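A.B. asks: Sharing a structure, written as structure tokens. Questions coming.
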Amino acid sequence: MYNRVSGAEHSRVSGAERPEASSTVSSSLRPPSGARDLLPREVQRREKLEAQLTRVFRRHGYQRIITPTLERLETLLAGGSIRAESVLQLRDGEGTMLGLRPELTASIVRAAATRLAGGPLPLRLYYHGSVFRNSRREEGSYSSQEFFQSGVELIGAGGWLADAEILLLLADCIRSVGISSCEFSWTLLLGDVSLTESLLSAVAPTAQAAVRRAIAQLDYVYLESAPLPEAARQIGLQILGLRGQPGSVLSDLAQLPVPPERLRDLRQLCQVLEEHGVRVVLDLSLLQTLAYYTGIVFQAVAGGEIIALGGRYDRLHALYSPQQVEQPGIGFTLLPDTLLRLLPPDPKTEEMGCKRLVVPLVPAGIPAALALAARWREECYAYGTLTGTAPLTRMEAVELELLDRAPEEIEVYACQCGIPEIAWVQADGSYHITHPDCSR
């Protein structure tokens, strides 16, 4: 199959985290397949990324929502849009089938349709959280995987202007984390399910599933060689050809039997994106794996990998509303694991905030050492609040020596941990500061 961006012949890109290296440690001491430990430096990078995204989300008026990791299975299946076998399932003490969320949109729309029903619209919500999926292996078995996701949902606003808000917010997020300043640029692949389905409606019902699958997998060979009705084959190949610069694709679409209002909206959307410097590839063959999408669908691609994806889902809200109230919705998910893999390490992350080790030289100096450490932590927090970096890690990183080690051992420890200053506290509360010599 072909990659949508480069046209190179290889597997479709994925946002999944690459597996860790194999280990000789007993399997009972390792996380299960598809899960992994995040060690302090990895957590520090992730927290910085989430803080950057949070600032962008809030600038656009979005508020954080946290929904349960564990939901009723029927909630997670989103009216059949998500396959049951992709959900990690369990049963509670009363026999109710539950699942670990495979994505966050269904849970957030459920909360919006119940807990937030009757409130002012539109709802602008953002999230950071883990999702869990069963992935089918080639031999037919399943393996579980855990992913981290950050994203937004805009509920209660339809039309091309709401689509533009979401896509411009996505572009702002990508710029804020530094992808645009890397050696590679990013591209927005933009499709429209309603237009694609309009073209597919002319395909015989018996051939629709096969043609749709071939389109989703960019499988030209299947469409050209499979025993399909000739009309179905030509429509499938026609849809695969509707990919490229927006102006060219829109001109081709104007000659086809598609809803003119949808075409007009798509043209306006592409124009706004172009005016804001977003590189767009219009791709009518882009069909997301989740079946609840009804309008535009999109992927952000950088360095040959998907870094974000999303779309419009105007019929999902009614599934969770007690009164079956319909509300339009659109959102996107960023893939932090992929973003962190593409972004170069930031040396400032390692040096962030003040970092000192306070050492009581004698037991009588412990109260003064505790007081000094507390004062410095408070000063660090105040500085972080003033500079806007307080939510990040290590802003209060003042440690107290606990192991009663010799001065030489303390200096070795400081060098190992990158601690630039050691405060030696006397019994009378006085102290002096030294800088460990880590060149030895």
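Naming scheme: A, B, ... for chains in displayed order of the structure tokens; residues 1 onward per chain; ligands 1 onward as shown.
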Got a sec: who's within 6 Å of Phe132 of chain A, counting only C-alpha atoms, leaving out chain neighbours fewer than 2 positions off, as a JSON list (two decimals) with C-alpha atoms, in the first residue's frame?

C.D. replies:
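What follows is the written file around13.json:
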[["chain", "number", "residue", "atom", "x", "y", "z"],
["A", 101, "ARG", "CA", -11.59, 3.26, 27.17],
["A", 102, "PRO", "CA", -10.05, 2.73, 23.70],
["A", 145, "GLN", "CA", -1.63, -1.66, 24.19],
["A", 146, "GLU", "CA", -1.67, 1.54, 26.23]]

A.B. asks: Just list the residues in segment 253-343 of chain A DSSP gives strand (DSSP E) on the backbone, as a count of residues only.

C.D. replies: 25

A.B. asks: Compile the contact shell of Leu104 of chain A as a list of chain:residue names: residues with an atom at most 10 Å away, counting only C-alpha atoms, same-chain residues fewer than 5 positions apart removed.

C.D. replies: A:Ile66, A:Thr67, A:Pro68, A:Thr69, A:Leu76, A:Val109, A:Tyr127, A:His128, A:Gly129, A:Ser130, A:Val131, A:Gln149, A:Ser150, A:Gly151, A:Val152, A:Glu153, A:Thr333

A.B. asks: Using only C-alpha atoms, find each residue in segment 189-232 of chain A having at least one atom no more than 12 Å away from segment 302-312 of chain A; report its shortest atom-to-atom pair and that distance in Å (one decimal), rows by chain then rising number, as JSON lines.

C.D. replies:
{"residue": "A:Leu189", "atom": "CA", "partner": "A:Leu309", "partner_atom": "CA", "distance": 9.2}
{"residue": "A:Leu190", "atom": "CA", "partner": "A:Gly311", "partner_atom": "CA", "distance": 9.3}
{"residue": "A:Gly191", "atom": "CA", "partner": "A:Gly311", "partner_atom": "CA", "distance": 9.0}
{"residue": "A:Asp192", "atom": "CA", "partner": "A:Gly311", "partner_atom": "CA", "distance": 8.7}
{"residue": "A:Val193", "atom": "CA", "partner": "A:Arg312", "partner_atom": "CA", "distance": 9.0}
{"residue": "A:Ser194", "atom": "CA", "partner": "A:Arg312", "partner_atom": "CA", "distance": 10.1}

A.B. asks: Would you mind exporting the chosen residues as a PDB file, in the first residue's frame, restricted to all heavy atoms?

C.D. replies:
ATOM      1  N   LEU A 189      -3.650  16.287   6.156  1.00  0.00           N
ATOM      2  CA  LEU A 189      -4.442  15.510   5.209  1.00  0.00           C
ATOM      3  C   LEU A 189      -5.905  15.719   5.569  1.00  0.00           C
ATOM      4  O   LEU A 189      -6.313  15.429   6.697  1.00  0.00           O
ATOM      5  CB  LEU A 189      -4.095  14.026   5.283  1.00  0.00           C
ATOM      6  CG  LEU A 189      -2.625  13.642   5.108  1.00  0.00           C
ATOM      7  CD1 LEU A 189      -2.484  12.130   5.114  1.00  0.00           C
ATOM      8  CD2 LEU A 189      -2.063  14.229   3.834  1.00  0.00           C
ATOM      9  N   LEU A 190      -6.704  16.213   4.644  1.00  0.00           N
ATOM     10  CA  LEU A 190      -8.075  16.596   4.919  1.00  0.00           C
ATOM     11  C   LEU A 190      -9.023  15.882   3.967  1.00  0.00           C
ATOM     12  O   LEU A 190      -8.890  15.979   2.749  1.00  0.00           O
ATOM     13  CB  LEU A 190      -8.231  18.115   4.768  1.00  0.00           C
ATOM     14  CG  LEU A 190      -9.626  18.708   4.971  1.00  0.00           C
ATOM     15  CD1 LEU A 190     -10.107  18.460   6.405  1.00  0.00           C
ATOM     16  CD2 LEU A 190      -9.605  20.204   4.665  1.00  0.00           C
ATOM     17  N   GLY A 191      -9.972  15.156   4.553  1.00  0.00           N
ATOM     18  CA  GLY A 191     -11.007  14.499   3.768  1.00  0.00           C
ATOM     19  C   GLY A 191     -12.382  14.924   4.248  1.00  0.00           C
ATOM     20  O   GLY A 191     -12.520  15.717   5.179  1.00  0.00           O
ATOM     21  N   ASP A 192     -13.417  14.378   3.625  1.00  0.00           N
ATOM     22  CA  ASP A 192     -14.788  14.675   4.023  1.00  0.00           C
ATOM     23  C   ASP A 192     -15.619  13.416   3.811  1.00  0.00           C
ATOM     24  O   ASP A 192     -15.869  13.008   2.666  1.00  0.00           O
ATOM     25  CB  ASP A 192     -15.354  15.836   3.214  1.00  0.00           C
ATOM     26  CG  ASP A 192     -16.680  16.339   3.754  1.00  0.00           C
ATOM     27  OD1 ASP A 192     -17.597  15.508   3.948  1.00  0.00           O
ATOM     28  OD2 ASP A 192     -16.820  17.552   3.988  1.00  0.00           O
ATOM     29  N   VAL A 193     -16.016  12.794   4.915  1.00  0.00           N
ATOM     30  CA  VAL A 193     -16.753  11.532   4.853  1.00  0.00           C
ATOM     31  C   VAL A 193     -18.059  11.703   4.086  1.00  0.00           C
ATOM     32  O   VAL A 193     -18.459  10.829   3.309  1.00  0.00           O
ATOM     33  CB  VAL A 193     -17.024  10.999   6.278  1.00  0.00           C
ATOM     34  CG1 VAL A 193     -17.991   9.828   6.245  1.00  0.00           C
ATOM     35  CG2 VAL A 193     -15.721  10.586   6.942  1.00  0.00           C
ATOM     36  N   SER A 194     -18.743  12.833   4.293  1.00  0.00           N
ATOM     37  CA  SER A 194     -20.036  13.020   3.631  1.00  0.00           C
ATOM     38  C   SER A 194     -19.888  13.058   2.115  1.00  0.00           C
ATOM     39  O   SER A 194     -20.722  12.496   1.383  1.00  0.00           O
ATOM     40  CB  SER A 194     -20.711  14.296   4.135  1.00  0.00           C
ATOM     41  OG  SER A 194     -19.960  15.446   3.798  1.00  0.00           O
TER      42      SER A 194
END

A.B. asks: How would you write, as a ChimeraX atom specification, the set of residues in segment 195-351 of chain A that DSSP gives as helix (DSSP H, G or I)?

C.D. replies: /A:195-200,205-216,220-225,230-241,246-253,260-275,317-320,336-342,347-351

A.B. asks: Quick one: of A:Thr187, A:Ser107, A:Ser439, A:Thr206, who's nearest to Leu316 of chain A, counting only C-alpha atoms?

C.D. replies: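 Residue with the minimum atom-to-atom distance to Leu316 of chain A: A:Ser107.
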
A.B. asks: Could you give me, as a count of residues only, the residues within 12 Å of His276 of chain A, counting only C-alpha atoms and dropping anything in the same chain fewer than 2 positions from it?

C.D. replies: 17

A.B. asks: I need the residue nearest Trp376 of chain A from this list: A:Val177, A:Ala423, A:Gln323, A:Gly429. Use only C-alpha atoms for the distance.

C.D. replies: A:Ala423
